[in-house]
Amino acid sequence: MDEFQVGDRVAVEASYGCGRCRNCRLGYYTACLNYGNRQRGHRANGFTTNGGFAQYAVNHINTVHKIPDSVEFNEAALITNLGCILYGFQTVGGYVVGDSVAVVGPGPLGLVSVGVARALCAGKIFLVGTRDSRLQMGKTMGADRLINVNQENPVEVIRRETQGMGADLVIESSGATTGPQMAVEMCKRMGRVLLVGYPEEPAPVNFSMMGMRNVHIFSVRGRVGPTAAGEFRFSLKAAFP
Ligand SMILES: [Zn+2]
């Protein structure tokens, strides 16, 4: 062990790829082709191996990152969520300056999405949810327009407030079975939908509507890429400057 000392404060990436399959070799280790195969070295903490609720845990050194002194443990606990969303923005093209962004579901991923969209100079940011306390928290993170679905129809509101076009980017993080279809409906023609919340049951989507509107759909798993370690460090800085 060289760069770490006993007593260092560290954060741990949940995923570690086999390092030998094509996806891992390209840096896409959260999409490891040996997923779940521990004999080949893959692990996904909390999914295929034990998670972090233990006094001691063994992790590969490549997945361990020092936490800067300025970052508290409870702040660092959000790093995985933030990294996932940064990877999502990277996947949809990265450039959202001036774009209208609709975030559905103000859970940790949704709230982090609002913060990242704001940091990347998005235009109007809509946040859609049911709990006012969560929506208000989203406002402190940069949301311009809060939509409580119990009081307003989010598709109508977003269409109306984008001159009838719909949002340039919709981030579906609610995990509701109605979420993916609603995301398509509130997305503008040629817009993008990023799926980061996954329903437990198969979710219906009107593919004709999606195709006729030329909507692009993306999904991400974890955070990934040749610059992953760099992103991880960027995450810490972006979240807690
Ligand atoms: Zn692999």
# chains A, B, ... in the order shown; residues from 1 in each chain; ligands from 1
$ residues_near_ligand --ligand "ligand 1" --cutoff "10 Å" --atoms "only C-alpha atoms and all ligand atoms" --output "list in words"
Tyr16, Gly17, Cys18, Gly19, Arg20, Cys21, Arg22, Asn23, Cys24, Arg25, Leu26, Gly27, Tyr28, Tyr29, Thr30, Ala31, Cys32, Leu33, Asn34, Tyr35, Gly36, Asn37, Arg40, Gly41, His42 and Arg43 of chain A
$ select_by_dssp --residues "range 87-119 of chain A" --states "alpha helix (DSSP H)" --output "PDB file with C-alpha atoms, in the first residue's frame"
ATOM      1  CA  TYR A  87     -22.132  10.128 -15.968  1.00  0.00           C
ATOM      2  CA  GLY A  88     -25.738  10.621 -17.091  1.00  0.00           C
ATOM      3  CA  PHE A  89     -25.081  14.163 -18.275  1.00  0.00           C
ATOM      4  CA  GLN A  90     -21.942  12.952 -20.023  1.00  0.00           C
ATOM      5  CA  THR A  91     -24.007  10.233 -21.742  1.00  0.00           C
ATOM      6  CA  PRO A 108     -31.364  12.008  -3.987  1.00  0.00           C
ATOM      7  CA  LEU A 109     -30.681  11.413  -7.708  1.00  0.00           C
ATOM      8  CA  GLY A 110     -33.273  13.956  -8.799  1.00  0.00           C
ATOM      9  CA  LEU A 111     -32.079  16.637  -6.399  1.00  0.00           C
ATOM     10  CA  VAL A 112     -28.475  16.058  -7.416  1.00  0.00           C
ATOM     11  CA  SER A 113     -29.604  16.310 -11.068  1.00  0.00           C
ATOM     12  CA  VAL A 114     -31.042  19.747 -10.371  1.00  0.00           C
ATOM     13  CA  GLY A 115     -27.779  20.854  -8.791  1.00  0.00           C
ATOM     14  CA  VAL A 116     -25.689  19.547 -11.685  1.00  0.00           C
ATOM     15  CA  ALA A 117     -28.009  21.080 -14.312  1.00  0.00           C
ATOM     16  CA  ARG A 118     -27.698  24.416 -12.543  1.00  0.00           C
ATOM     17  CA  ALA A 119     -23.901  24.082 -12.309  1.00  0.00           C
TER      18      ALA A 119
END
$ closest_residue --among "A:Val215, A:Leu127, A:Ala183, A:Ala57" --to "Asn148 in chain A" --atoms "only C-alpha atoms"
A:Leu127
$ select_by_dssp --residues "range 40-91 of chain A" --states "strand (DSSP E)" --output "NGL selection string"
:A and (43-44 or 64-66)
$ write_last_selection --atoms "all heavy atoms" --output "PDB file, in the first residue's frame"
ATOM      1  N   ARG A  43     -17.265  -7.188  -8.893  1.00  0.00           N
ATOM      2  CA  ARG A  43     -18.085  -7.034  -7.697  1.00  0.00           C
ATOM      3  C   ARG A  43     -18.876  -5.743  -7.802  1.00  0.00           C
ATOM      4  O   ARG A  43     -18.431  -4.751  -8.381  1.00  0.00           O
ATOM      5  CB  ARG A  43     -17.238  -7.053  -6.431  1.00  0.00           C
ATOM      6  CG  ARG A  43     -16.112  -6.038  -6.365  1.00  0.00           C
ATOM      7  CD  ARG A  43     -15.297  -6.234  -5.104  1.00  0.00           C
ATOM      8  NE  ARG A  43     -16.108  -6.064  -3.914  1.00  0.00           N
ATOM      9  CZ  ARG A  43     -15.956  -6.795  -2.812  1.00  0.00           C
ATOM     10  NH1 ARG A  43     -15.046  -7.741  -2.748  1.00  0.00           N
ATOM     11  NH2 ARG A  43     -16.713  -6.591  -1.761  1.00  0.00           N
ATOM     12  N   ALA A  44     -20.078  -5.763  -7.259  1.00  0.00           N
ATOM     13  CA  ALA A  44     -20.912  -4.566  -7.166  1.00  0.00           C
ATOM     14  C   ALA A  44     -21.437  -4.552  -5.734  1.00  0.00           C
ATOM     15  O   ALA A  44     -22.371  -5.291  -5.397  1.00  0.00           O
ATOM     16  CB  ALA A  44     -22.053  -4.600  -8.180  1.00  0.00           C
ATOM     17  N   VAL A  64     -10.973   3.002  -4.208  1.00  0.00           N
ATOM     18  CA  VAL A  64     -10.900   3.802  -2.978  1.00  0.00           C
ATOM     19  C   VAL A  64     -10.358   5.188  -3.304  1.00  0.00           C
ATOM     20  O   VAL A  64      -9.386   5.333  -4.046  1.00  0.00           O
ATOM     21  CB  VAL A  64      -9.984   3.103  -1.944  1.00  0.00           C
ATOM     22  CG1 VAL A  64      -9.859   3.949  -0.680  1.00  0.00           C
ATOM     23  CG2 VAL A  64     -10.542   1.726  -1.608  1.00  0.00           C
ATOM     24  N   HIS A  65     -11.024   6.218  -2.795  1.00  0.00           N
ATOM     25  CA  HIS A  65     -10.622   7.605  -3.053  1.00  0.00           C
ATOM     26  C   HIS A  65     -10.600   8.385  -1.749  1.00  0.00           C
ATOM     27  O   HIS A  65     -11.523   8.274  -0.940  1.00  0.00           O
ATOM     28  CB  HIS A  65     -11.602   8.269  -4.028  1.00  0.00           C
ATOM     29  CG  HIS A  65     -11.732   7.533  -5.321  1.00  0.00           C
ATOM     30  ND1 HIS A  65     -10.954   7.824  -6.418  1.00  0.00           N
ATOM     31  CD2 HIS A  65     -12.530   6.494  -5.677  1.00  0.00           C
ATOM     32  CE1 HIS A  65     -11.287   6.999  -7.411  1.00  0.00           C
ATOM     33  NE2 HIS A  65     -12.232   6.193  -6.979  1.00  0.00           N
ATOM     34  N   LYS A  66      -9.579   9.175  -1.573  1.00  0.00           N
ATOM     35  CA  LYS A  66      -9.480   9.980  -0.349  1.00  0.00           C
ATOM     36  C   LYS A  66     -10.555  11.063  -0.337  1.00  0.00           C
ATOM     37  O   LYS A  66     -10.852  11.668  -1.364  1.00  0.00           O
ATOM     38  CB  LYS A  66      -8.106  10.638  -0.257  1.00  0.00           C
ATOM     39  CG  LYS A  66      -7.014   9.685   0.191  1.00  0.00           C
ATOM     40  CD  LYS A  66      -5.715  10.443   0.398  1.00  0.00           C
ATOM     41  CE  LYS A  66      -4.590   9.446   0.697  1.00  0.00           C
ATOM     42  NZ  LYS A  66      -3.282  10.099   0.783  1.00  0.00           N
TER      43      LYS A  66
END
$ residues_around --residues "Ser133 in chain A" --least-positions-apart "4" --cutoff "12 Å" --atoms "only C-alpha atoms" --output "list in words"
Pro106, Gly107, Leu111, Gly129, Met137, Gly138, Lys139, Thr140, Leu146 and Asn148 of chain A
$ residues_around --residues "Glu200 in chain A" --least-positions-apart "4" --cutoff "10 Å" --atoms "only C-alpha atoms" --output "PDB file with all heavy atoms, in the first residue's frame"
ATOM      1  N   GLY A 175     -38.714   6.533 -10.721  1.00  0.00           N
ATOM      2  CA  GLY A 175     -38.844   5.075 -10.600  1.00  0.00           C
ATOM      3  C   GLY A 175     -40.290   4.610 -10.675  1.00  0.00           C
ATOM      4  O   GLY A 175     -40.574   3.426 -10.501  1.00  0.00           O
ATOM      5  N   ALA A 176     -41.215   5.532 -10.948  1.00  0.00           N
ATOM      6  CA  ALA A 176     -42.625   5.146 -11.076  1.00  0.00           C
ATOM      7  C   ALA A 176     -42.847   4.462 -12.424  1.00  0.00           C
ATOM      8  O   ALA A 176     -42.182   4.792 -13.405  1.00  0.00           O
ATOM      9  CB  ALA A 176     -43.526   6.379 -10.972  1.00  0.00           C
ATOM     10  N   THR A 177     -43.810   3.527 -12.476  1.00  0.00           N
ATOM     11  CA  THR A 177     -44.061   2.834 -13.739  1.00  0.00           C
ATOM     12  C   THR A 177     -44.600   3.793 -14.801  1.00  0.00           C
ATOM     13  O   THR A 177     -44.466   3.548 -15.994  1.00  0.00           O
ATOM     14  CB  THR A 177     -45.057   1.671 -13.559  1.00  0.00           C
ATOM     15  OG1 THR A 177     -46.210   2.175 -12.896  1.00  0.00           O
ATOM     16  CG2 THR A 177     -44.454   0.546 -12.763  1.00  0.00           C
TER      17      THR A 177
END
$ residues_around --residues "Gln181 in chain A" --least-positions-apart "2" --cutoff "7 Å" --atoms "only C-alpha atoms" --output "short mmCIF file (atom, residue, chain, number, x, y, z; two decimals) with N, CA, C and O atoms, in the first residue's frame"
data_model
loop_
_atom_site.label_atom_id
_atom_site.label_comp_id
_atom_site.auth_asym_id
_atom_site.auth_seq_id
_atom_site.Cartn_x
_atom_site.Cartn_y
_atom_site.Cartn_z
N THR A 178 -45.19 4.89 -14.36
CA THR A 178 -45.71 5.89 -15.32
C THR A 178 -44.63 6.88 -15.73
O THR A 178 -44.85 7.71 -16.63
N GLY A 179 -43.45 6.81 -15.09
CA GLY A 179 -42.40 7.80 -15.31
C GLY A 179 -41.86 7.87 -16.73
O GLY A 179 -41.82 8.96 -17.32
N ALA A 183 -42.15 11.07 -19.19
CA ALA A 183 -40.93 11.76 -19.63
C ALA A 183 -40.96 12.00 -21.13
O ALA A 183 -40.58 13.06 -21.61
N VAL A 184 -41.42 11.00 -21.90
CA VAL A 184 -41.51 11.16 -23.36
C VAL A 184 -42.49 12.27 -23.70
O VAL A 184 -42.24 13.09 -24.59
N GLU A 185 -43.60 12.33 -22.97
CA GLU A 185 -44.63 13.33 -23.28
C GLU A 185 -44.18 14.74 -22.95
O GLU A 185 -44.62 15.70 -23.58
N PRO A 204 -44.79 0.75 -19.23
CA PRO A 204 -45.26 0.93 -20.61
C PRO A 204 -44.79 2.26 -21.21
O PRO A 204 -44.83 3.29 -20.55
N VAL A 205 -44.32 2.19 -22.46
CA VAL A 205 -43.94 3.40 -23.19
C VAL A 205 -44.57 3.33 -24.58
O VAL A 205 -44.54 2.27 -25.22
N ASN A 206 -45.15 4.45 -25.00
CA ASN A 206 -45.73 4.54 -26.33
C ASN A 206 -44.60 4.79 -27.33
O ASN A 206 -44.19 5.93 -27.55
#
$ decode --residues "range 67-78 of chain A" --atoms "all heavy atoms" --output "mmCIF file, in the first residue's frame"
data_model
loop_
_atom_site.group_PDB
_atom_site.id
_atom_site.type_symbol
_atom_site.label_atom_id
_atom_site.label_comp_id
_atom_site.auth_asym_id
_atom_site.auth_seq_id
_atom_site.Cartn_x
_atom_site.Cartn_y
_atom_site.Cartn_z
ATOM 1 N N ILE A 67 -11.099 11.307 0.822
ATOM 2 C CA ILE A 67 -12.056 12.397 1.002
ATOM 3 C C ILE A 67 -11.277 13.622 1.482
ATOM 4 O O ILE A 67 -10.557 13.543 2.485
ATOM 5 C CB ILE A 67 -13.123 12.026 2.058
ATOM 6 C CG1 ILE A 67 -13.871 10.766 1.648
ATOM 7 C CG2 ILE A 67 -14.091 13.183 2.276
ATOM 8 C CD1 ILE A 67 -14.793 10.219 2.736
ATOM 9 N N PRO A 68 -11.395 14.754 0.776
ATOM 10 C CA PRO A 68 -10.690 15.956 1.226
ATOM 11 C C PRO A 68 -11.107 16.356 2.644
ATOM 12 O O PRO A 68 -12.235 16.086 3.069
ATOM 13 C CB PRO A 68 -11.138 17.023 0.209
ATOM 14 C CG PRO A 68 -11.601 16.259 -0.975
ATOM 15 C CD PRO A 68 -12.159 14.970 -0.455
ATOM 16 N N ASP A 69 -10.217 17.023 3.351
ATOM 17 C CA ASP A 69 -10.497 17.422 4.734
ATOM 18 C C ASP A 69 -11.735 18.305 4.835
ATOM 19 O O ASP A 69 -12.421 18.318 5.855
ATOM 20 C CB ASP A 69 -9.291 18.181 5.317
ATOM 21 C CG ASP A 69 -8.094 17.257 5.511
ATOM 22 O OD1 ASP A 69 -8.300 16.024 5.573
ATOM 23 O OD2 ASP A 69 -6.963 17.767 5.579
ATOM 24 N N SER A 70 -12.012 19.053 3.745
ATOM 25 C CA SER A 70 -13.126 20.003 3.796
ATOM 26 C C SER A 70 -14.488 19.332 3.641
ATOM 27 O O SER A 70 -15.525 19.987 3.760
ATOM 28 C CB SER A 70 -12.956 21.048 2.688
ATOM 29 O OG SER A 70 -12.945 20.407 1.421
ATOM 30 N N VAL A 71 -14.498 18.025 3.355
ATOM 31 C CA VAL A 71 -15.757 17.312 3.115
ATOM 32 C C VAL A 71 -16.067 16.395 4.294
ATOM 33 O O VAL A 71 -15.228 15.584 4.698
ATOM 34 C CB VAL A 71 -15.672 16.491 1.808
ATOM 35 C CG1 VAL A 71 -16.942 15.673 1.605
ATOM 36 C CG2 VAL A 71 -15.438 17.404 0.621
ATOM 37 N N GLU A 72 -17.278 16.551 4.843
ATOM 38 C CA GLU A 72 -17.698 15.710 5.966
ATOM 39 C C GLU A 72 -18.114 14.323 5.454
ATOM 40 O O GLU A 72 -18.471 14.171 4.290
ATOM 41 C CB GLU A 72 -18.891 16.351 6.688
ATOM 42 C CG GLU A 72 -18.634 17.749 7.222
ATOM 43 C CD GLU A 72 -17.678 17.751 8.406
ATOM 44 O OE1 GLU A 72 -17.607 16.721 9.099
ATOM 45 O OE2 GLU A 72 -16.993 18.772 8.600
ATOM 46 N N PHE A 73 -18.145 13.359 6.364
ATOM 47 C CA PHE A 73 -18.549 12.005 5.978
ATOM 48 C C PHE A 73 -19.980 11.994 5.420
ATOM 49 O O PHE A 73 -20.280 11.326 4.434
ATOM 50 C CB PHE A 73 -18.475 11.052 7.170
ATOM 51 C CG PHE A 73 -17.116 10.449 7.372
ATOM 52 C CD1 PHE A 73 -16.480 10.543 8.605
ATOM 53 C CD2 PHE A 73 -16.467 9.777 6.353
ATOM 54 C CE1 PHE A 73 -15.222 9.988 8.801
ATOM 55 C CE2 PHE A 73 -15.204 9.218 6.537
ATOM 56 C CZ PHE A 73 -14.588 9.321 7.773
ATOM 57 N N ASN A 74 -20.883 12.742 6.076
ATOM 58 C CA ASN A 74 -22.274 12.698 5.608
ATOM 59 C C ASN A 74 -22.415 13.333 4.220
ATOM 60 O O ASN A 74 -23.297 12.963 3.447
ATOM 61 C CB ASN A 74 -23.232 13.344 6.623
ATOM 62 C CG ASN A 74 -22.901 14.786 6.912
ATOM 63 O OD1 ASN A 74 -21.845 15.263 6.498
ATOM 64 N ND2 ASN A 74 -23.764 15.486 7.616
ATOM 65 N N GLU A 75 -21.543 14.279 3.889
ATOM 66 C CA GLU A 75 -21.548 14.852 2.543
ATOM 67 C C GLU A 75 -20.988 13.840 1.547
ATOM 68 O O GLU A 75 -21.534 13.641 0.454
ATOM 69 C CB GLU A 75 -20.711 16.134 2.504
ATOM 70 C CG GLU A 75 -21.276 17.250 3.383
ATOM 71 C CD GLU A 75 -20.302 18.400 3.544
ATOM 72 O OE1 GLU A 75 -19.082 18.149 3.665
ATOM 73 O OE2 GLU A 75 -20.750 19.547 3.567
ATOM 74 N N ALA A 76 -19.916 13.201 1.935
ATOM 75 C CA ALA A 76 -19.264 12.242 1.038
ATOM 76 C C ALA A 76 -20.166 11.047 0.732
ATOM 77 O O ALA A 76 -19.998 10.377 -0.288
ATOM 78 C CB ALA A 76 -17.945 11.768 1.648
ATOM 79 N N ALA A 77 -21.161 10.816 1.601
ATOM 80 C CA ALA A 77 -22.070 9.691 1.379
ATOM 81 C C ALA A 77 -22.877 9.860 0.092
ATOM 82 O O ALA A 77 -23.423 8.893 -0.437
ATOM 83 C CB ALA A 77 -23.008 9.537 2.580
ATOM 84 N N LEU A 78 -22.949 11.092 -0.435
ATOM 85 C CA LEU A 78 -23.725 11.337 -1.653
ATOM 86 C C LEU A 78 -22.899 11.206 -2.925
ATOM 87 O O LEU A 78 -23.414 11.407 -4.031
ATOM 88 C CB LEU A 78 -24.332 12.750 -1.604
ATOM 89 C CG LEU A 78 -25.544 12.928 -0.704
ATOM 90 C CD1 LEU A 78 -25.866 14.399 -0.529
ATOM 91 C CD2 LEU A 78 -26.743 12.189 -1.294
#
